[in-house]
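See below for the structure under consideration.
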Amino acid sequence: MSQLLGKTHLSGLSCQRLQSNLNNESRLVMPVPARRYKTTGRRSLGGPLKASNPDQSSVRELGKLGEKIVDSKNNVVSAPESLSKSKAVVKMAPMDGNEATAHVAYAVSDVSFIYPITPSTPMGESADAWAAEGKKNVFGNVMSVTEMESETGAAGAVHGALAAGSLTTTFTCSQGLLLMIPNMYKIAGELMPCVMHVTARALAKHALSILGDHQDVMAVRQTGWGMLCSHSVQEAQDLALVAHLATLRASVPFVHFFDGFRTSHEINKISIIPYEAISEVINRPVYQQAIRHHQQRALNPTHPHQRGTAQGPDVYFQCAEASNPFYNAAAGHVVEAMKEVSAITGRTYNLFDYVGHPQAEHVVVMMGSGSEVTQEAVNYLVAQGKKVGLLKVRLFRPWSTEHFIAALPVTASRITVLDRTKEPGALGDPLYLEVFACISEHEMLTGATTRRLVIPGRYGLASKDYTPAMAVSVYENMALKQPKRNFTVGIVDDVTFTSLPVAPSLNTLPPGTQQCMFWGMGSDGTVGANKEAIKIIADNTNLYAQAYFSYDAHKSGGVTVSHLRFGPQPIGSSYLIEQADYLAVHHQSYMQKYDVLSKLRPGGVLLLNSVFTDVASLETFLPAPVKRRMAELQPQLYVLDARQVADTVGLGKRINMVMQTAFFHLSGVMPMQQAIELLKKSIAKAYGKKGPEVVAQNQAAVDDTIKHLKRIDIPASWAATPTPIVSPDPAVKRSTLSSSKWHFIEEVAKPMLALEGDNLPVSVFGPDGFVPPGTTVIERRAIAASVPVWKSDSCTQCNICSFVCPHAAIRPSLAKPGELGGAPETFQTLKAKGAGLGEFQYRIQVSPFDCTGCNLCVQACPDNALVDTPINNVLAIEDKNWSFARSLPERVDVLDRTTVKGSQFMTPLMEFSGACEGCGETTYVKLLTQLFGERLIIANATGCSSIWGGSAPSNPYTTNEDGYGPAWANSLFEDNAQFGLGIAMGTVQRRKTLSRHVQEVLADSSVPMSETLKTKLGEWSAVWQDASAVAPIAKEVSALLEKEHAHDPRLERLYAERDMLLKPSIWIVGGDGWAYDIGYGGLDHVMSTGEDINILVLDTEMYSNTGGQKSKSTPLGAVTKFAAGGKTRPKKDLGAMAMGYGDVYVASTCLQSNYGQVVKAMSEAEKYGGVSLVLAYAPCVMHGIEGGMCHTIEESKEAVETGYWPLYRYNPSVLEDGTKHRFQLDSKKLKGELEHFLHHENRFNILDRKSPETATRLHHDLDLLNKERFEHLKHLAETDAAAPRHGVEQIEEAEKKRRGTALPMGPGGQEGPAKPSHFT
C-alpha cells in the first residue's frame, strides 16, 4: 500500500504519505495512474498501448478495474471487446449539435447545474425538459437539473456535486466559461471525473459576439482539463460519449467543445446512439468500477477525509507534479474510449485523423467545423492531382506528440495550422504553438536533417463564414516560394495586410445535393417552419438533410436567412449556401433593400411573397437592377400574397406555414399529399402548446395556399431595363463625410445594414468598437403591415400614443403658424391646447418606415384618434409628413417635462431600436431619455436591452440639437452594477477636480478673463451639484470658455474639463436575469454604498434574451424554460430587500398601467441624492399575451388591479410629520380575479392544459401571496414601518453631535453624509 500511495494522487488528501489516515484500505479506493507510453515511431495506433516498468500493485489495481490483463509483465491491456452484438436498431434522425450532445450527456449523468448563455442554452433546456417528463438515463434515474444564479454558481455546484460522488455535467460557453475557471482548476486539481460541454464562442472584447470561434475554450486550456473537439453534429454526439467514458477511465475532467452556432445550431441527419448501446458500454466492469471509485472518494462521514487544504512552499510544488501520471495516461484512455464508441457505432475516431493524399506534401492542421469545409477542398484538390491533406485535431489536451506525429504523413514538408481564435501580442495562436513545439521537439529528438515549415493562419472569428474556396487559398499560399505567415483568410485586411486573396467559389458538394434559401423576418415563423420542414424531409425520405440559420441583430423584425440542403449522400458542408436551387423571399421589401438574387443559380426557382402578383404591378415595384438580374438568371418565378392567406385564416403576419406549403409544392421533394399530411402533423406537435385554435389556423393555411400561387413569365423587356447611374462621390456624401458619424454611416453602417458587412475591409473600422450616436435613423425598415394614421377631429392632445410607443415612431409636433409654410398639404394641424401652448399648432405624426406595427398606440388612444391603415396606402404620404415634422425646431421645456404630456414634447433620444414590436422594455428607456437624456450615462447589462440598444452598427441612442445625448456602454452580464458604480465614482472624482480648479481660478485675480465668465463660474460653483440649476449655467460657461480659453493655461485646463460642467444622471440598466440572479451580488453592494446612482430594472420575469428561461423574478406557477412543470417557488421581492437598507429610494412601476406614476418615480429617483432602484414591469412577447403585444395595456392594468404587480414608491428623503409617509402605495384597492389575468398569458395557460390540478394549486397560492403582500404594503403605507422613525434633519443633527465635527463631504460630492438607514 505504501508503494502505491507514493505514486497516487488522492483528491482532498495530502500528497505526503499519511498512512495513519488510511487505516482501512478497503473503504478508500484510489484512482491509479497508468504509466507513460513508450514512443515507438510511426507504428499503428490501433494495437494495445504498452506501459514501461509497472509495479505489481498497479497491475492489481488495473485488474480490479475489470480490464483483461493479457501480459502482466508489460501491463498490456486488451482492446475492448466489440459491442456490435447490441440488438439496438440504428435510428437516423435530424437534430442539431446541442440536442445531439444533450442526448448523451443526459444518458450518463445524474446531476446537472445550468445557467443560460447563448448558444449553449438549448442543451440545458433539453435536459430540463426531459427531466420534467420523467425521462430516465442509463442508470434508471431522472437527471436532477438545477438552474443556478450564474455560471460561477453553476461551476461551484458542479464541484460540490462531484465532491459528493455524483456524475455531474454542465453546459456553457464564452464569458460563462471564463466565470467557471476558478472551479475548473479545483476540479482538475482534485482529479474528478466530469464533462463540461461547451459551444465554443467568441469573447466580449471591443464588442460582444454570440457567434462561434475558439476564443473561450483556448482561454481555459491551462486549467488541467482534457479538451476534446467535435467537428460536426454527428461527432458532437459521438465524442460527447467518448468524453464521458474517457473522464471515468482517466480521472481527468474533460471539456467537450464544438463550434457555437455552426455546429450547435446546425440541424443534420445523424445516426442516434440508442440508450441501450450506451448502457451496454457504461455497464462494463471498467466503468462501473470507475464510478465506484468516484463515489468512494466522495465526502462522506462514513469514510471521512479532508480536501481543499492550504499548503506551503514545502509541499505545494510536489503535489502539483503528483498528477503527472494521470495526464500522461489520459490520451491512451481517450483512444480506448474512442474504440468503444466505434464498436457500437461503426464510426472510427482517433486523436488525430488524417484525410487526403497518402503522400501529401502540404497539410493543413485544424479543429472544429472548419475541418469539414477544408476536407471538401482537399477532395477537390486531390481529384486534380494535388498532393494535399488535412489533419483533424480531436484531442487538444492533453496533447499527444506520439499520436500527432504518427498521423502526419512523413511526406509533409509544409504545414499550415489554422486557429479559430486570436491572442493579440502572442508569438502565435494556441494550436499553432502546440503544433510547432510538437514538430520541433520531434525533429530535434530524432535528429531530422530537413525541417518542416510550419505556417500560422487564422480564420472564422465570430462565425465568419469559411468556404472551400478559402481553404484552397490556404493551400495556394503554402505552395508559394515564400508563404505568407500569420495570415488571415475570409476578410480583407488593408491595414496590416495579413489577408490571403480568395479563390473563386467552388462547387464541392456531394452530387445530387439540392440547396434552398429562405429570406424571412424575425418573428414571422420562417425559421421555425424551416426546422420543421427539414425534419419532415429527413424523417420521411431517404434523403440526408442539413439546415442552418443566420440572423441579423434585431430582436424581432430583422432579417433571417435559412440555408437548407438535402440530397442522397451525407452533407458536411459547414458553410452558407452560395448557389441556391430554390430561393424564397418572404418579404417583398427585401427585393429593394438586399441583393437577394446574388445567391440564386441561373434557372432556379424564385418564390416571392408580395401583394404585387401580376407582371404590371411587379414592373412598377421591382427596382431596375433587380429586373435586369432576373432577366439574366431566368428563374422560374412564382408570386404569392401570403399575408392575404394568413389574414383569411386568422394568422396575421405569421406567414410561415403558407410559404412552407408553397416550398413543398414547388420543390417536389416528396408527393404533395404526403407533404400536406406531414405538415399538419408537425403543426399539431409544434403549436399544440399554444392551443387548438392556433393549430387549426395553421392547418387551414396549408389547405388554402396552393390556389393562390401564381407563375410569372419574366418579360424580355426586363433585360433592357436601364439602370440609373449613381455618382461614386455625390455632393451630399462629400458634404457630410467631415463628420465622424456620417463617415461611419456611409462607410460602415449602410453596407452592414445591406448585409454586405462581410465585404468591408479592416481599414473602415476603429480598433475600439465605438459607434457614433443616432445611426438607426437610416434603417427605415418598413416592416409594419399597417401603421396608425392620425384623425385630428377626434384628438384631445393627451400625447398618450407617443408615451406608450416602444420605438419612438409616433410623436407630437408643435409648430408656430409661420413654420408651416412648407408643409405638405396632408400635414393637418390643430390649435394646441394647454397653458403656454397658445402660439402653437399641434399634430401627431407617425414614421411609417420606422413603425413596427405593434398597434399599441391605437389601443392606448382614449379618443379613437388613430386609425390602423395598410402601410402601402399611406407610406409615401406619411413619410413626407414625418420628414417635415422632423424639420421643425425642438420644443424644449414648453411644458413641465416631468408630466406625461410634457415629457412627450421632449425629443426622445432613443429611437427606432431593434426591439420586438410592442416591447415592454424600450418605453421605459425612451422615457428616461426624454426626462434626462441630454445628461444621461447608461451602464447597460448584457441582455435584451443591450442587444436592442447596442448591436452594431445600429445605435438607437441619439443627440439633441446641441449634440448632447445619452452615453451608453455595456461591460458584461454579471458586472453591470459594479461597472455603473465605477462610472459614477470616476465621474464624481472628475467633477470634484473641476470644482477645485474653478475655485482656484476664481481665487486668483491674475487670471485674465472677462467679468461675465467670472460671474458665470461663480454661479456654477454655487450650484454645481444641482443638476437642473447647473444645466443652463454650464452651457453659458462652455460658450465663454470657447472664446477665452487661450488666454491662460488655467482657463485652458477648464476648457479641457468642460464636459464635466453638467451634472450627469447615471443609470444602471438591466433585466431581471441580471438584477435578480447573476448580478444581484453587485447590485446589493451598490445599494449598500449610498452613492448618488440610479438603477432601472426592466423586469420581464424571465431571461427573455436567451429564449425565456426561469429567473428568480419568475412568478409562482409560470411555465418557462428551466421550469417546464411550472415554477414552484415564489418570486424574489427585490423591492422589499432594497427597502431593508432604509436609505435606498425604491419604486415599483408599470408604465402601461399608470403613466403618471412612472414619470413621478423616475423623477424622484433621479433627484434623490443616494441610491435609487426603479422596478419596471415589462411585458414581453415571451409571455404569450392573448391577442398579441397590442393588448399589453389592458393586461398591465389587470396585473396592477389584481395585486400581481403592485405600484409603490419609497422615498427616504420625505420628512415624516404624521401626514406624509416615506412609503406611498400607488396601487388602488384590489379588484378583479387573478385567474382572469393569468388566463390571458400563455406562460400560465400552458400549465392549465398540461396539468390542470397543478395549475389550480399554484395559481391559488400565487393569489394568496399577492393578497398577503398587498395587505403588508397597505400596512407600510399607513405606518411606514419600512423607514427610520426619525426625519433626515434629526438624524443628521444627531450624527453631527456624535462626531463633534462638521459634516464631511458626502457621496457624489454633496455636503452631508449618506442618507439615513435603520442602523444610524
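In the C-alpha cells, chains take the letters A, B, ... in the order shown, each chain's residues start at 1, and ligands count up from 1 in the order shown.
Using only C-alpha atoms, the residues found no farther than 8 Å from Ser150 (chain A), other than those of its own chain fewer than 6 positions away, are A:Tyr115, A:Gly176, A:Glu974, A:Asp1077, A:Ile1078.
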Could you pull the residues within 10 Å of Ser954 (chain A), counting only C-alpha atoms, minus those fewer than 3 positions along the same chain, as a list in words? Ala553, His554, Ile745, Ala749, Lys750, Met752, Leu753, Val771, Pro772, Pro773, Gly774, Thr775, Thr776, Val777, Ile778, Glu779, Phe912, Ser913, Gly914, Ile947, Trp948, Gly949, Gly950, Ser951 and Tyr957 of chain A
Using backbone DSSP assignments, extract all alpha helix (DSSP H) residues from region 1117-1210 of chain A; output them as a ChimeraX atom specification. /A:1134-1139,1155-1167,1192-1201
Which residues of region 281-395 of chain A have any atom within 10 Å of an atom in region 186-203 of chain A when counting only C-alpha atoms, and what is the closest pair of atoms for each, with the distance in Å to one decimal? Order the rows by chain and rising number and write it as a tab-separated table.
```
residue	atom	partner	partner_atom	distance
A:Ala290	CA	A:Pro193	CA	9.1
A:Ile291	CA	A:Pro193	CA	8.9
A:His294	CA	A:Pro193	CA	7.4
A:Arg297	CA	A:Met192	CA	9.4
A:Ala298	CA	A:Met192	CA	9.8
A:Arg307	CA	A:Glu190	CA	8.4
A:Gly308	CA	A:Lys186	CA	8.3
A:Cys319	CA	A:Gly189	CA	9.4
A:Ala320	CA	A:Gly189	CA	7.9
A:Ser323	CA	A:Leu191	CA	8.0
A:Phe326	CA	A:Leu191	CA	8.5
A:Tyr327	CA	A:Leu191	CA	10.0
A:Gly368	CA	A:Ala200	CA	9.3
```
Could those residues be written to a file, using all heavy atoms, as a short mmCIF file (atom, residue, chain, number, x, y, z; two decimals), in the first residue's frame?
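Result written to result_7.cif:
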```cif
data_model
loop_
_atom_site.label_atom_id
_atom_site.label_comp_id
_atom_site.auth_asym_id
_atom_site.auth_seq_id
_atom_site.Cartn_x
_atom_site.Cartn_y
_atom_site.Cartn_z
N ALA A 290 -14.91 2.37 -12.06
CA ALA A 290 -14.50 3.77 -12.03
C ALA A 290 -15.55 4.63 -11.33
O ALA A 290 -15.22 5.56 -10.58
CB ALA A 290 -14.27 4.27 -13.45
N ILE A 291 -16.82 4.34 -11.57
CA ILE A 291 -17.89 5.07 -10.90
C ILE A 291 -17.84 4.83 -9.40
O ILE A 291 -17.99 5.76 -8.60
CB ILE A 291 -19.27 4.68 -11.49
CG1 ILE A 291 -19.39 5.19 -12.93
CG2 ILE A 291 -20.40 5.26 -10.64
CD1 ILE A 291 -20.60 4.65 -13.67
N HIS A 294 -15.10 6.80 -7.90
CA HIS A 294 -15.51 8.21 -7.75
C HIS A 294 -16.39 8.38 -6.52
O HIS A 294 -16.24 9.33 -5.74
CB HIS A 294 -16.24 8.64 -9.02
CG HIS A 294 -16.82 10.02 -8.96
ND1 HIS A 294 -16.10 11.14 -8.59
CD2 HIS A 294 -18.09 10.47 -9.23
CE1 HIS A 294 -16.88 12.19 -8.64
NE2 HIS A 294 -18.09 11.82 -9.02
N ARG A 297 -14.50 8.03 -3.20
CA ARG A 297 -13.62 9.17 -2.89
C ARG A 297 -14.42 10.39 -2.47
O ARG A 297 -13.87 11.46 -2.24
CB ARG A 297 -12.77 9.52 -4.11
CG ARG A 297 -11.83 8.41 -4.55
CD ARG A 297 -11.18 8.75 -5.89
NE ARG A 297 -10.29 9.89 -5.79
CZ ARG A 297 -10.26 10.90 -6.65
NH1 ARG A 297 -11.11 10.93 -7.67
NH2 ARG A 297 -9.40 11.88 -6.50
N ALA A 298 -15.74 10.25 -2.39
CA ALA A 298 -16.61 11.39 -2.10
C ALA A 298 -16.52 11.78 -0.62
O ALA A 298 -16.09 11.01 0.24
CB ALA A 298 -18.06 11.04 -2.45
N ARG A 307 -10.24 17.80 2.17
CA ARG A 307 -9.72 18.24 0.88
C ARG A 307 -9.79 19.76 0.80
O ARG A 307 -10.53 20.40 1.55
CB ARG A 307 -10.50 17.62 -0.28
CG ARG A 307 -11.96 18.01 -0.34
CD ARG A 307 -12.66 17.41 -1.56
NE ARG A 307 -12.78 15.96 -1.48
CZ ARG A 307 -13.21 15.18 -2.47
NH1 ARG A 307 -13.52 15.70 -3.63
NH2 ARG A 307 -13.32 13.88 -2.31
N GLY A 308 -9.01 20.32 -0.10
CA GLY A 308 -9.02 21.78 -0.26
C GLY A 308 -8.22 22.49 0.80
O GLY A 308 -8.56 23.60 1.21
N CYS A 319 3.11 18.29 -4.85
CA CYS A 319 1.73 17.83 -5.08
C CYS A 319 1.25 18.19 -6.47
O CYS A 319 0.48 17.45 -7.09
CB CYS A 319 0.81 18.41 -4.01
SG CYS A 319 1.00 17.62 -2.41
N ALA A 320 1.69 19.35 -6.97
CA ALA A 320 1.31 19.75 -8.32
C ALA A 320 1.84 18.77 -9.35
O ALA A 320 1.19 18.50 -10.38
CB ALA A 320 1.81 21.16 -8.61
N SER A 323 0.23 14.69 -10.09
CA SER A 323 -0.83 14.30 -11.04
C SER A 323 -0.28 13.97 -12.42
O SER A 323 -1.05 13.56 -13.30
CB SER A 323 -1.86 15.43 -11.16
OG SER A 323 -1.26 16.59 -11.70
N PHE A 326 -1.41 10.81 -14.37
CA PHE A 326 -2.78 10.80 -14.88
C PHE A 326 -2.86 11.47 -16.24
O PHE A 326 -3.54 10.98 -17.15
CB PHE A 326 -3.71 11.49 -13.89
CG PHE A 326 -3.90 10.72 -12.62
CD1 PHE A 326 -3.05 10.88 -11.54
CD2 PHE A 326 -4.93 9.81 -12.51
CE1 PHE A 326 -3.21 10.16 -10.39
CE2 PHE A 326 -5.12 9.08 -11.35
CZ PHE A 326 -4.25 9.25 -10.28
N TYR A 327 -2.17 12.58 -16.40
CA TYR A 327 -2.19 13.28 -17.68
C TYR A 327 -1.38 12.53 -18.73
O TYR A 327 -1.73 12.54 -19.92
CB TYR A 327 -1.70 14.72 -17.50
CG TYR A 327 -2.71 15.55 -16.74
CD1 TYR A 327 -2.66 15.67 -15.35
CD2 TYR A 327 -3.77 16.15 -17.41
CE1 TYR A 327 -3.61 16.39 -14.66
CE2 TYR A 327 -4.73 16.89 -16.73
CZ TYR A 327 -4.66 17.00 -15.35
OH TYR A 327 -5.61 17.71 -14.67
N GLY A 368 -12.47 21.66 -35.34
CA GLY A 368 -13.76 22.31 -35.39
C GLY A 368 -14.44 22.14 -36.73
O GLY A 368 -13.98 21.41 -37.62
#
```
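With only C-alpha atoms as the atoms that count, the minimum distance from Ser682 (chain A) to the choices A:Ala809, A:Ile534, A:Leu1262, A:Ala545 is reached by A:Ile534.
The space between CA of Gly943 (chain A) and CA of Thr1106 (chain A) spans 8.0 Å.
Pairwise distance (CA of Thr467 (chain A), CA of Ser556 (chain A)) equals 28.8 Å.
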What are the DSSP strand (DSSP E) residues of region 749-955 of chain A, as an MDAnalysis selection string? chainID A and resid 786:790 810:815 830:831 841:846 866:870 936:940
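Using only C-alpha atoms, the protein and nucleic acid residues lying no more than 10 Å from Gly428 (chain A), apart from those fewer than 3 places from it along its own chain, are Asp419, Lys422, Glu423, Pro424, Gly425, Leu431, Tyr432, Leu433, Glu434, Phe436, Ile455, Pro456, Gly457, Arg458 and Asn486 of chain A.
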Proximity check region 385-432 of chain A to region 446-452 of chain A, 9 Å, nearest pairs one decimal Å, only C-alpha atoms, as a Markdown table:
```
| residue | atom | partner | partner_atom | distance |
| --- | --- | --- | --- | --- |
| A:Ala412 | CA | A:Arg452 | CA | 7.5 |
| A:Ser413 | CA | A:Arg452 | CA | 4.9 |
| A:Arg414 | CA | A:Arg452 | CA | 5.7 |
| A:Ile415 | CA | A:Arg452 | CA | 7.3 |
```
File dump, residues just selected, N, CA, C and O atoms, as a tab-separated table (two decimals), in the first residue's frame:
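Output (part_26.tsv):
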```
chain	number	residue	atom	x	y	z
A	412	ALA	N	4.95	15.17	-45.63
A	412	ALA	CA	4.53	16.56	-45.46
A	412	ALA	C	5.72	17.45	-45.18
A	412	ALA	O	6.43	17.29	-44.18
A	413	SER	N	5.96	18.40	-46.07
A	413	SER	CA	7.08	19.33	-45.89
A	413	SER	C	6.62	20.70	-45.42
A	413	SER	O	7.41	21.44	-44.83
A	414	ARG	N	5.38	21.01	-45.72
A	414	ARG	CA	4.83	22.30	-45.29
A	414	ARG	C	3.49	22.06	-44.60
A	414	ARG	O	2.64	21.32	-45.11
A	415	ILE	N	3.34	22.70	-43.46
A	415	ILE	CA	2.15	22.50	-42.63
A	415	ILE	C	1.58	23.87	-42.27
A	415	ILE	O	2.30	24.71	-41.73
```
Select from region 1032-1099 of chain A every residue with an atom at most 6 Å from any atom of region 1171-1193 of chain A, then for each give the shortest pair of atoms and their distance in Å to one decimal, using only C-alpha atoms, rows by chain and rising number, as CSV.
```
residue,atom,partner,partner_atom,distance
A:Met1087,CA,A:Val1171,CA,5.9
A:Gly1090,CA,A:Val1171,CA,5.5
A:Glu1091,CA,A:Val1171,CA,5.6
A:Asp1092,CA,A:Val1171,CA,5.3
A:Ile1093,CA,A:Val1171,CA,5.0
A:Asn1094,CA,A:Ser1172,CA,4.7
A:Ile1095,CA,A:Leu1173,CA,4.7
A:Leu1096,CA,A:Val1174,CA,4.9
A:Val1097,CA,A:Leu1175,CA,5.0
A:Leu1098,CA,A:Ala1176,CA,5.1
A:Asp1099,CA,A:Tyr1177,CA,5.1
```
